[in-house]
>>> print(open('upload-v3.txt').read())   # compact mmCIF, C-alpha atoms
# COMPACT_ATOMS: atom_id res chain seq x y z
CA MET A 1 -34.05 -19.70 -14.11
CA VAL A 2 -30.76 -21.64 -14.23
CA LEU A 3 -28.97 -18.38 -14.99
CA ILE A 4 -30.45 -16.65 -11.93
CA VAL A 5 -29.62 -19.56 -9.62
CA GLY A 6 -26.11 -19.72 -11.08
CA GLY A 7 -25.69 -15.99 -10.53
CA ILE A 8 -26.83 -16.23 -6.90
CA VAL A 9 -24.47 -19.18 -6.25
CA LEU A 10 -21.60 -17.25 -7.86
CA ILE A 11 -22.29 -14.19 -5.71
CA ALA A 12 -22.48 -16.35 -2.56
CA VAL A 13 -19.18 -18.11 -3.36
CA ASN A 14 -17.63 -14.74 -4.13
CA VAL A 15 -18.73 -13.21 -0.80
CA ILE A 16 -17.50 -16.27 1.16
CA LEU A 17 -14.09 -16.19 -0.54
CA LEU A 18 -13.75 -12.46 0.04
CA SER A 19 -14.62 -12.86 3.73
CA ILE A 20 -11.98 -15.61 4.06
CA THR A 21 -9.25 -13.59 2.36
CA SER A 22 -10.22 -10.47 4.37
CA LYS A 23 -9.61 -12.30 7.63
CA SER A 24 -6.62 -14.42 6.74
CA GLN A 25 -4.81 -12.22 4.20
CA SER A 26 -4.40 -15.45 2.25
CA THR A 27 -3.59 -15.29 -1.46
CA PHE A 28 -3.83 -19.05 -2.13
CA GLY A 29 -0.25 -18.96 -3.42
CA LEU A 30 -1.13 -16.58 -6.25
CA GLY A 31 0.22 -13.46 -4.56
CA ARG A 32 3.56 -13.41 -6.33
CA VAL A 33 2.50 -13.77 -9.96
CA GLY A 34 1.43 -10.20 -10.58
CA ILE A 35 4.31 -8.71 -8.63
CA SER A 36 6.88 -10.67 -10.65
CA PHE A 37 5.20 -9.61 -13.89
CA VAL A 38 4.60 -5.89 -13.25
CA ALA A 39 7.32 -4.93 -10.76
CA PRO A 40 10.22 -4.84 -13.30
CA PHE A 41 8.31 -2.22 -15.32
CA GLN A 42 7.47 -0.29 -12.18
CA GLU A 43 11.12 -0.37 -11.22
CA ILE A 44 12.21 1.05 -14.57
CA VAL A 45 9.67 3.89 -14.38
CA THR A 46 10.44 4.70 -10.73
CA ARG A 47 14.19 4.76 -11.36
CA SER A 48 13.70 6.97 -14.43
CA VAL A 49 11.54 9.42 -12.46
CA ARG A 50 14.05 9.51 -9.60
CA PHE A 51 16.94 9.92 -12.03
CA THR A 52 15.22 12.89 -13.68
CA ARG A 53 14.32 14.38 -10.35
CA GLY A 54 17.88 13.79 -9.15
CA ILE A 55 19.29 15.74 -12.11
CA TRP A 56 16.88 18.55 -11.39
CA GLN A 57 17.74 18.65 -7.72
CA ASN A 58 21.49 18.22 -8.19
CA TYR A 59 22.07 20.77 -10.91
CA PHE A 60 19.37 23.35 -10.43
CA PHE A 61 19.25 23.55 -6.68
CA LEU A 62 22.96 23.96 -6.01
CA VAL A 63 22.43 27.35 -4.40
CA SER A 64 20.04 26.05 -1.79
CA ALA A 65 22.33 23.04 -1.36
CA ALA A 66 25.20 25.39 -0.46
CA HIS A 67 23.09 27.03 2.26
CA GLU A 68 21.95 23.65 3.48
CA ASN A 69 25.55 22.49 3.51
CA GLU A 70 26.49 25.31 5.90
CA THR A 71 23.62 24.45 8.23
CA LEU A 72 24.46 20.75 8.10
CA LYS A 73 28.11 21.44 8.91
CA LYS A 74 27.02 23.27 12.03
CA SER A 75 24.71 20.41 12.97
CA LEU A 76 27.48 17.92 12.28
CA ASN A 77 29.78 19.65 14.74
CA GLN A 78 27.11 19.36 17.40
CA PHE A 79 26.56 15.70 16.57
CA VAL A 80 30.30 14.95 16.73
CA GLU A 81 30.22 16.22 20.30
CA LYS A 82 27.12 14.14 21.04
CA ASP A 83 28.69 11.11 19.36
CA ASN A 84 31.67 11.37 21.64
CA GLU A 85 29.38 11.63 24.63
CA TRP A 86 27.37 8.57 23.47
CA HIS A 87 30.56 6.66 22.81
CA GLU A 88 31.54 7.20 26.43
CA ILE A 89 28.06 6.13 27.56
CA GLY A 90 28.30 3.06 25.33
CA LEU A 91 31.60 2.06 26.87
CA ALA A 92 30.20 2.56 30.36
CA ASN A 93 27.13 0.53 29.34
CA SER A 94 29.19 -2.44 28.11
CA ARG A 95 31.33 -2.32 31.29
CA LEU A 96 28.20 -2.39 33.43
CA ARG A 97 26.63 -5.15 31.29
CA ASN A 98 29.75 -7.22 31.75
CA LEU A 99 29.54 -6.62 35.46
CA LEU A 100 25.93 -7.82 35.47
CA ASN A 101 26.73 -10.67 33.07
CA PHE A 102 24.11 -9.49 30.56
CA GLN A 103 23.98 -10.83 27.00
CA LYS A 104 25.20 -8.51 24.30
CA ALA A 105 22.38 -6.54 22.73
CA PRO A 106 21.54 -8.14 19.41
CA THR A 107 22.69 -6.28 16.33
CA HIS A 108 20.48 -6.81 13.30
CA ARG A 109 21.55 -7.56 9.78
CA VAL A 110 19.67 -5.34 7.40
CA VAL A 111 19.03 -5.21 3.68
CA ALA A 112 18.53 -1.80 2.09
CA ALA A 113 15.72 -1.64 -0.46
CA GLU A 114 14.12 0.95 -2.70
CA VAL A 115 10.40 1.55 -2.88
CA ILE A 116 9.37 1.06 -6.51
CA SER A 117 5.61 1.40 -6.32
CA LYS A 118 2.69 2.21 -4.07
CA ASP A 119 -0.71 0.62 -3.56
CA PRO A 120 -3.07 1.25 -6.50
CA SER A 121 -5.90 1.97 -4.05
CA GLY A 122 -6.02 4.87 -1.62
CA TRP A 123 -7.71 2.60 0.93
CA PHE A 124 -4.76 0.31 1.53
CA LYS A 125 -1.22 1.25 2.47
CA THR A 126 1.29 -1.10 0.93
CA VAL A 127 4.43 -0.59 -1.15
CA ILE A 128 6.56 -2.84 -3.32
CA ILE A 129 10.32 -2.91 -2.76
CA ASP A 130 13.12 -4.04 -5.08
CA LYS A 131 14.43 -6.83 -2.86
CA GLY A 132 12.99 -10.33 -2.64
CA ARG A 133 13.67 -13.91 -1.69
CA SER A 134 17.04 -13.89 -3.46
CA ASP A 135 18.18 -11.22 -0.99
CA GLY A 136 17.08 -13.25 2.03
CA LEU A 137 13.67 -11.65 2.50
CA GLN A 138 10.72 -13.64 3.74
CA LYS A 139 7.17 -13.02 4.91
CA GLY A 140 6.88 -11.28 8.28
CA LEU A 141 10.23 -9.46 8.36
CA PRO A 142 10.16 -5.95 9.84
CA VAL A 143 10.85 -2.97 7.60
CA VAL A 144 12.30 0.15 9.20
CA LEU A 145 13.86 3.53 8.61
CA PRO A 146 16.35 5.41 10.81
CA THR A 147 13.39 7.55 11.94
CA GLY A 148 11.12 4.65 12.91
CA ILE A 149 9.14 1.59 11.90
CA ALA A 150 7.84 1.46 8.32
CA GLY A 151 5.96 -1.86 8.22
CA GLN A 152 6.38 -5.58 7.56
CA VAL A 153 6.89 -7.82 4.56
CA ILE A 154 3.63 -9.57 3.62
CA GLU A 155 4.44 -11.10 0.24
CA VAL A 156 7.74 -12.12 -1.32
CA SER A 157 8.63 -13.04 -4.90
CA GLY A 158 12.09 -13.82 -6.23
CA LEU A 159 13.26 -10.25 -6.71
CA TYR A 160 10.52 -8.14 -5.14
CA ALA A 161 8.46 -7.95 -1.96
CA LYS A 162 5.25 -6.31 -0.81
CA VAL A 163 5.39 -4.36 2.43
CA MET A 164 2.35 -3.46 4.54
CA LEU A 165 2.94 -0.10 6.21
CA ILE A 166 1.95 0.37 9.84
CA ILE A 167 -0.66 2.94 8.76
CA ASP A 168 -2.57 0.21 6.89
CA ARG A 169 -5.78 -0.79 8.63
CA ASN A 170 -4.67 -4.45 8.76
CA SER A 171 -1.45 -3.61 10.59
CA ALA A 172 -0.94 -4.03 14.34
CA VAL A 173 2.19 -3.43 16.40
CA ASP A 174 2.58 -4.20 20.10
CA ALA A 175 3.88 -0.93 21.55
CA LEU A 176 4.92 0.94 24.70
CA VAL A 177 4.92 4.55 25.75
CA GLN A 178 8.65 5.15 26.18
CA ARG A 179 8.33 7.34 29.28
CA SER A 180 5.69 5.51 31.33
CA ARG A 181 5.95 1.98 29.74
CA ALA A 182 2.14 1.94 29.23
CA ARG A 183 1.41 -0.87 26.78
CA GLY A 184 -1.06 -1.07 23.90
CA ILE A 185 -1.51 -1.93 20.24
CA ILE A 186 -0.70 0.48 17.42
CA LYS A 187 -3.26 0.01 14.64
CA GLY A 188 -3.30 1.64 11.25
CA ALA A 189 -6.11 4.00 10.39
CA SER A 190 -5.60 4.11 6.60
CA ALA A 191 -4.56 7.74 6.92
CA ASP A 192 -1.21 9.21 7.94
CA GLN A 193 -1.94 8.50 11.59
CA CYS A 194 -2.36 5.44 13.78
CA ARG A 195 -4.61 4.56 16.70
CA PHE A 196 -2.99 3.43 19.93
CA GLU A 197 -5.52 0.99 21.35
CA PHE A 198 -5.99 -0.91 24.62
CA VAL A 199 -3.93 1.48 26.75
CA LEU A 200 -5.44 1.42 30.24
CA ARG A 201 -6.48 4.74 31.71
CA LYS A 202 -4.67 3.98 34.94
CA HIS A 203 -1.37 4.53 33.06
CA ASP A 204 0.22 7.90 32.56
CA VAL A 205 0.12 9.00 28.91
CA GLN A 206 0.56 12.55 27.68
CA ILE A 207 0.47 14.32 24.34
CA GLY A 208 4.00 14.40 22.94
CA ASP A 209 5.04 11.05 24.46
CA THR A 210 7.15 8.83 22.23
CA VAL A 211 5.75 5.39 21.38
CA ILE A 212 8.16 2.51 20.74
CA ALA A 213 7.82 -1.15 19.76
CA SER A 214 7.57 -3.49 22.75
CA GLY A 215 9.02 -6.47 20.89
CA LEU A 216 6.23 -8.69 22.21
CA ASP A 217 4.56 -9.21 18.83
CA GLY A 218 7.57 -11.21 17.63
CA VAL A 219 7.94 -9.08 14.51
CA TYR A 220 9.47 -5.73 15.43
CA PRO A 221 12.56 -5.61 17.67
CA LYS A 222 12.03 -3.89 21.01
CA GLY A 223 12.80 -0.19 21.20
CA LEU A 224 12.21 0.80 17.58
CA ARG A 225 10.53 4.19 17.44
CA ILE A 226 7.01 4.38 16.05
CA GLY A 227 5.64 7.86 16.60
CA ARG A 228 4.47 10.56 18.95
CA VAL A 229 1.15 10.81 20.81
CA SER A 230 -0.67 13.61 18.98
CA ASP A 231 -4.17 13.32 20.45
CA LEU A 232 -5.55 11.85 23.64
CA SER A 233 -9.06 11.56 24.99
CA GLU A 234 -10.85 9.71 27.78
CA ARG A 235 -14.45 8.56 27.59
CA SER A 236 -16.01 8.14 31.02
CA SER A 237 -17.54 4.76 30.10
CA ASP A 238 -14.36 3.28 28.71
CA ILE A 239 -11.41 1.76 30.56
CA PHE A 240 -9.03 2.54 27.69
CA TYR A 241 -7.68 5.82 26.35
CA GLU A 242 -8.45 6.92 22.81
CA ILE A 243 -5.03 7.81 21.51
CA THR A 244 -3.86 9.01 18.11
CA VAL A 245 -0.21 8.55 17.22
CA THR A 246 1.54 10.45 14.45
CA PRO A 247 4.30 8.21 13.04
CA PHE A 248 7.85 9.54 12.75
CA VAL A 249 8.11 8.16 9.23
CA ASP A 250 6.69 10.27 6.42
CA TYR A 251 4.96 7.58 4.37
CA GLU A 252 4.20 9.91 1.49
CA LYS A 253 7.92 10.38 0.86
CA LEU A 254 9.01 6.82 1.43
CA GLU A 255 11.83 5.99 -1.01
CA GLU A 256 14.40 3.78 0.72
CA VAL A 257 13.79 1.33 3.57
CA LEU A 258 15.76 -1.22 5.58
CA VAL A 259 14.52 -4.77 6.01
CA ILE A 260 15.74 -6.40 9.22
CA LEU A 261 16.70 -10.03 8.72
CA HIS A 262 15.96 -12.17 11.73
CA PRO A 263 19.07 -13.31 13.63
CA LYS A 264 17.61 -16.84 13.79
CA THR A 265 17.29 -16.99 10.01
CA GLN A 266 20.90 -15.90 9.58
CA ALA A 267 22.10 -18.64 11.89
CA PHE A 268 20.03 -21.18 9.95
CA ALA A 269 21.27 -19.91 6.60
CA SER A 270 24.89 -20.05 7.71
CA GLN A 271 24.49 -23.65 8.84
CA GLN A 272 23.21 -24.74 5.41
CA MET B 1 -1.07 -6.45 -32.73
CA ARG B 2 -4.52 -5.73 -31.32
CA TYR B 3 -3.72 -7.69 -28.15
CA GLY B 4 -0.40 -5.87 -27.92
CA PHE B 5 -2.38 -2.62 -27.80
CA TYR B 6 -4.67 -3.92 -25.02
CA ILE B 7 -1.84 -5.40 -22.95
CA GLY B 8 0.33 -2.31 -23.46
CA THR B 9 -2.49 0.05 -22.44
CA CYS B 10 -3.30 -2.05 -19.40
CA LEU B 11 0.36 -2.18 -18.28
CA PHE B 12 0.74 1.54 -18.91
CA LEU B 13 -2.28 2.32 -16.71
CA ILE B 14 -1.11 0.05 -13.90
CA ILE B 15 2.34 1.64 -13.90
CA ILE B 16 0.93 5.17 -14.06
CA GLN B 17 -1.36 4.40 -11.13
CA THR B 18 1.25 2.75 -8.91
CA THR B 19 4.35 4.81 -9.66
CA LEU B 20 3.94 8.14 -11.45
CA LEU B 21 0.78 9.39 -9.70
CA ALA B 22 2.46 8.90 -6.32
CA TYR B 23 4.87 11.75 -7.15
CA PHE B 24 2.09 14.28 -7.63
CA ASN B 25 0.07 15.28 -4.59
CA VAL B 26 -2.74 16.58 -6.77
CA PHE B 27 -3.52 13.00 -7.84
CA ALA B 28 -3.55 11.66 -4.27
CA GLY B 29 -7.25 10.80 -4.39
CA MET B 30 -7.33 9.39 -7.91
CA TYR B 31 -9.81 6.60 -8.64
CA ASP B 32 -8.85 3.22 -10.10
CA LEU B 33 -7.75 4.07 -13.65
CA LEU B 34 -8.46 0.53 -14.77
CA ILE B 35 -12.21 0.98 -14.33
CA PRO B 36 -12.65 2.82 -17.65
CA PHE B 37 -10.33 0.25 -19.20
CA VAL B 38 -12.42 -2.68 -17.93
CA ILE B 39 -15.56 -1.00 -19.31
CA PHE B 40 -13.75 -0.45 -22.60
CA ILE B 41 -12.66 -4.12 -22.76
CA SER B 42 -16.19 -5.25 -21.92
CA ILE B 43 -17.53 -3.19 -24.82
CA CYS B 44 -14.88 -3.91 -27.43
CA LEU B 45 -13.79 -7.52 -27.04
CA PRO B 46 -15.90 -10.66 -27.50
CA LEU B 47 -16.69 -12.71 -24.37
CA ARG B 48 -14.12 -15.50 -24.85
CA GLU B 49 -11.33 -12.95 -25.27
CA SER B 50 -12.38 -10.36 -22.72
CA LEU B 51 -13.19 -12.63 -19.78
CA PRO B 52 -9.67 -14.13 -19.38
CA PHE B 53 -8.26 -10.64 -19.83
CA ILE B 54 -10.48 -9.25 -17.05
CA LEU B 55 -9.63 -12.13 -14.71
CA ILE B 56 -5.88 -11.78 -15.25
CA LEU B 57 -6.16 -8.02 -14.77
CA GLY B 58 -8.02 -8.54 -11.48
CA LEU B 59 -5.43 -11.04 -10.33
CA ILE B 60 -2.56 -8.66 -11.10
CA MET B 61 -4.23 -5.79 -9.24
CA ASP B 62 -4.92 -8.06 -6.26
CA ASN B 63 -1.22 -8.93 -6.23
CA LEU B 64 -0.12 -5.32 -6.30
CA SER B 65 -2.58 -4.10 -3.68
CA GLY B 66 -2.82 -4.72 0.04
CA SER B 67 -6.55 -5.36 -0.37
CA PRO B 68 -8.11 -8.72 0.56
CA PHE B 69 -7.17 -11.16 -2.18
CA GLY B 70 -9.92 -11.36 -4.77
CA LEU B 71 -11.34 -7.88 -4.27
CA TYR B 72 -10.25 -6.50 -7.64
CA LEU B 73 -10.98 -9.85 -9.28
CA THR B 74 -14.53 -9.72 -7.90
CA PHE B 75 -15.09 -6.12 -8.81
CA TYR B 76 -13.74 -6.31 -12.37
CA PHE B 77 -15.66 -9.52 -13.02
CA TRP B 78 -19.01 -8.11 -11.88
CA LEU B 79 -18.34 -4.81 -13.63
CA PHE B 80 -17.70 -6.76 -16.80
CA VAL B 81 -20.90 -8.82 -16.34
CA GLY B 82 -22.89 -5.66 -15.54
CA VAL B 83 -21.62 -3.68 -18.53
CA ARG B 84 -22.26 -6.54 -20.94
CA TRP B 85 -25.75 -7.00 -19.54
CA ILE B 86 -26.58 -3.29 -19.80
CA LEU B 87 -25.27 -3.20 -23.38
CA LYS B 88 -28.15 -5.48 -24.34
CA PHE B 89 -30.52 -2.57 -23.73
CA LEU B 90 -28.43 0.49 -24.51
CA ARG B 91 -26.17 1.62 -27.32
CA VAL B 92 -22.42 2.21 -26.94
CA SER B 93 -22.79 5.54 -28.70
CA ASN B 94 -24.84 6.88 -25.78
CA LYS B 95 -22.15 9.07 -24.22
CA PHE B 96 -24.20 10.20 -21.24
CA PHE B 97 -24.95 6.62 -20.29
CA LEU B 98 -21.29 5.56 -20.55
CA SER B 99 -20.23 8.50 -18.37
CA LEU B 100 -22.79 7.40 -15.80
CA VAL B 101 -21.45 3.85 -15.86
CA VAL B 102 -17.87 5.02 -15.17
CA VAL B 103 -18.90 7.22 -12.22
CA ALA B 104 -21.22 4.55 -10.81
CA ALA B 105 -18.48 1.92 -11.12
CA VAL B 106 -16.04 4.09 -9.15
CA LEU B 107 -18.60 4.56 -6.38
CA ILE B 108 -19.48 0.85 -6.30
CA GLN B 109 -15.81 -0.08 -6.06
CA ASN B 110 -15.42 2.18 -3.02
CA LEU B 111 -18.52 0.68 -1.42
CA LEU B 112 -17.22 -2.84 -2.07
CA ILE B 113 -13.91 -1.97 -0.37
CA ILE B 114 -15.73 -0.52 2.64
CA GLY B 115 -17.91 -3.65 2.63
CA THR B 116 -14.82 -5.88 2.94
CA PHE B 117 -13.77 -3.91 6.05
CA GLY B 118 -16.90 -5.33 7.67
CA PHE B 119 -15.69 -8.92 7.14
CA VAL B 120 -12.83 -8.40 9.59
CA GLY B 121 -15.09 -8.45 12.64
CA PRO B 122 -17.59 -6.57 14.76
CA GLY B 123 -15.03 -4.03 16.04
CA TRP B 124 -14.23 -2.56 12.63
CA GLN B 125 -14.14 1.18 12.13
CA LEU B 126 -14.65 3.18 9.00
CA PRO B 127 -11.40 5.01 8.16
CA ALA B 128 -11.49 8.64 9.25
CA ALA B 129 -10.85 9.90 5.74
CA ALA B 130 -13.40 7.58 4.08
CA LEU B 131 -15.91 10.24 3.05
CA LYS B 132 -13.21 12.57 1.76
CA ASN B 133 -11.68 9.67 -0.21
CA ILE B 134 -14.98 8.88 -1.88
CA ILE B 135 -15.84 12.49 -2.69
CA VAL B 136 -12.42 13.16 -4.22
CA GLN B 137 -12.60 9.98 -6.30
CA PHE B 138 -16.13 10.83 -7.38
CA PHE B 139 -15.05 14.22 -8.72
CA TRP B 140 -12.00 12.80 -10.46
CA ALA B 141 -14.20 10.12 -12.04
CA LEU B 142 -16.80 12.68 -13.06
CA THR B 143 -14.28 14.96 -14.74
CA THR B 144 -11.79 12.53 -16.26
CA GLY B 145 -13.39 9.06 -16.30
CA PRO B 146 -15.72 9.49 -19.31
CA LEU B 147 -13.05 11.43 -21.19
CA PHE B 148 -10.64 8.64 -20.60
CA LEU B 149 -13.10 5.99 -21.76
CA PHE B 150 -14.00 7.91 -24.92
CA CYS B 151 -10.30 8.36 -25.70
CA LEU B 152 -9.76 4.60 -25.38
CA LEU B 153 -12.77 3.92 -27.61
CA ALA B 154 -11.58 6.43 -30.22
CA ILE B 155 -8.00 5.11 -30.25
CA SER B 156 -9.24 1.54 -30.50
CA LYS B 157 -11.59 2.46 -33.36
CA ARG B 158 -8.81 4.15 -35.32
CA PHE B 159 -6.47 1.29 -34.55
CA ASN B 160 -8.95 -1.28 -35.83
CA VAL B 161 -9.72 0.73 -38.94
CA GLN B 162 -6.02 0.91 -39.78
CA LEU B 163 -5.46 -2.74 -38.98
CA ASN B 164 -8.53 -4.43 -40.46
CA GLY B 165 -10.31 -1.72 -42.28
CA ALA B 166 -13.28 -2.09 -39.89
CA ALA B 167 -14.36 -0.57 -36.61
CA PRO B 168 -15.01 -2.85 -33.56
>>> encode(input="upload-v3.txt", output="C-alpha cells")
Amino acid sequence: MVLIVGGIVLIAVNVILLSITSKSQSTFGLGRVGISFVAPFQEIVTRSVRFTRGIWQNYFFLVSAAHENETLKKSLNQFVEKDNEWHEIGLANSRLRNLLNFQKAPTHRVVAAEVISKDPSGWFKTVIIDKGRSDGLQKGLPVVLPTGIAGQVIEVSGLYAKVMLIIDRNSAVDALVQRSRARGIIKGASADQCRFEFVLRKHDVQIGDTVIASGLDGVYPKGLRIGRVSDLSERSSDIFYEITVTPFVDYEKLEEVLVILHPKTQAFASQQ
Amino acid sequence: MRYGFYIGTCLFLIIIQTTLLAYFNVFAGMYDLLIPFVIFISICLPLRESLPFILILGLIMDNLSGSPFGLYLTFYFWLFVGVRWILKFLRVSNKFFLSLVVVAAVLIQNLLIIGTFGFVGPGWQLPAAALKNIIVQFFWALTTGPLFLFCLLAISKRFNVQLNGAAP
C-alpha cells in the first residue's frame, strides 16, 4: 500500500517538475555539469572526424577543386565590381547620415565557434559549440552565420555553450517581411522549416519574400536574414496568414557559427 | 575495472549519438542509443549501484539536449523501475521479451517527449514530421535495438567471467 502511494506521489512530483521545466526552460543550475563533462570528448571526436574528412576532401578532390576554383574566380571578379559599387553606396550613406545627424550603425563584436555536437534527440534542435564563458559568452546571445540567423545561446559553461537553433520548437524570433515590413513571429517547427505566425492578412506577403529579424525581441539585431517564404495560405476564418519559412541556414551542415557579443556587455567589460 | 567498462560504454554511446551519427544521413532518425544501455544496466547491476548510474546518465543527457530539463532523467528512471519490476516475473534469457522491452521503451520515450509538448500551453502543435520520426525510430529499434542489447549482455558476461570467473 505504502509502495503504491509512494509511486503515485513520485509520478505526480515528476509530472509537476517536468511541466515547470517545459515552460521555463529552467535547469535549476545543473545545466552545465554534463556539458563540461562530455563536451571535451565530443570535441576530440568531432575534430578527428573533420580532420579525416578534410584530408579526404583536400587530397582526393583536387580535380573538382580546380574546376570550382575557376568558377569562383569568375564570381570573384563580379563581386569585386559589386564591392566597388557598394563601397560607393556606403560612402554616400555615411555622408547622408552625417547630414541627417544619425548615429553610426552599430558594429557587432563576434566570436567564431565550432559546432562540436548535436542534440541527442531528433525532437529538439540544439547544438553545442566550443566557446563558453571564458570567451565572453552568456545566456541569450544571438548566434549567426553570414547566410542568416542560426539561434541563441541557452546554456553556458566555462569552455562550452549550448545553442538553441531557430528551428527548435521552443524558439521564437520577432521578424519582418523585408519588402512589405509585415511583422510576425518566426517559430521553430522541429523540422528544417519555420512557421511565421501572427502576420495579419491585411499585409502584403508573397512566396519568395525574404524574412529578416525586426530587432524587437531584444536578442537578434535588426536586419539579420532569417529565410524565405516558401508556403503561404489563408483560412477564411482566420485573421492571420499561415506562412512557412525556409531558413537560409542549412542546419544539417552547421559547422562554424558566429556569436554576437552585445555592445552593452563589451562596454561593461571594458569598464571593469 | 567493471565500472570503467560501464562508464566507457556509456560515454562512447553518448559521443556516437551526438557527434558521429550526425555525419551520416542514413542515421538521421536513430533512436536513443542509451535505451538498450539503461535496460542492460537495470539487468546487470544491483540496485544501489545502478540507480545512481541511471540518474547521472539522465542528468548528462538532459544537459546535452534541448529537451525540458528532467525529461531524460524521468524516462531513464521509470524505464529502470519498469525493467526491474518486470524481471521479477520474467527471465533475462527470454530474448523475445527483451526485444519487446527495447522497442516498447523507444516508443514510450517518443510519447513522453510529445507529452511534454502539451505542457507548454493550449496552442501547441504536434511537429509536422512527428509520425515519420516515430516510425523511423521504431524500425531502427526493431532491427538494431535487441541486437545491441544482446551484444552488451554478451560482452559484459565475458568481461565478468574473465575478471571474476563468474557471470553477472
>>> atom_distance(input="upload-v3.txt", atom1="CA of Phe40 (chain B)", atom2="CA of Ala22 (chain B)")
24.8 Å
>>> interface_residues(input="upload-v3.txt", of="chain B", to="chain A", cutoff="10 Å", atoms="all atoms listed in the file", output="ChimeraX atom specification")
/B:11-12,14-23,25,28-34,56-71,73-74,78,110,113-121,124-130,133-134,137
>>> axis_aligned_box(input="upload-v3.txt", around="region 14-23 of chain B", padding_each_side="5 Å", output="lines of an AutoDock Vina configuration file")
center_x = 1.8
center_y = 5.9
center_z = -10.2
size_x = 16.2
size_y = 21.7
size_z = 17.7
>>> closest_residue(input="upload-v3.txt", among="B:Ser156, B:Ser42, B:Ser93, B:Thr143", to="Gly4 (chain B)", atoms="all atoms listed in the file")
B:Ser156
>>> closest_residue(input="upload-v3.txt", among="B:Arg48, B:Ile43, B:Ala105, B:Ala154", to="Arg91 (chain B)", atoms="only C-alpha atoms")
B:Ile43
>>> atom_distance(input="upload-v3.txt", atom1="CA of Phe5 (chain B)", atom2="CA of Val92 (chain B)")
20.6 Å
>>> residues_around(input="upload-v3.txt", residues="Val83 (chain B)", least_positions_apart="4", cutoff="7 Å", atoms="only C-alpha atoms", output="number ranges by chain")
B: 39, 42, 79, 87
>>> atom_distance(input="upload-v3.txt", atom1="CA of Leu13 (chain B)", atom2="CA of Phe37 (chain B)")
8.7 Å
>>> closest_residue(input="upload-v3.txt", among="B:Gly82, B:Lys157, B:Phe89, B:Ser50", to="Ile108 (chain B)", atoms="only C-alpha atoms")
B:Gly82
>>> closest_residue(input="upload-v3.txt", among="B:Phe148, B:Phe77, B:Thr9, B:Tyr3", to="Glu49 (chain B)", atoms="all atoms listed in the file")
B:Tyr3
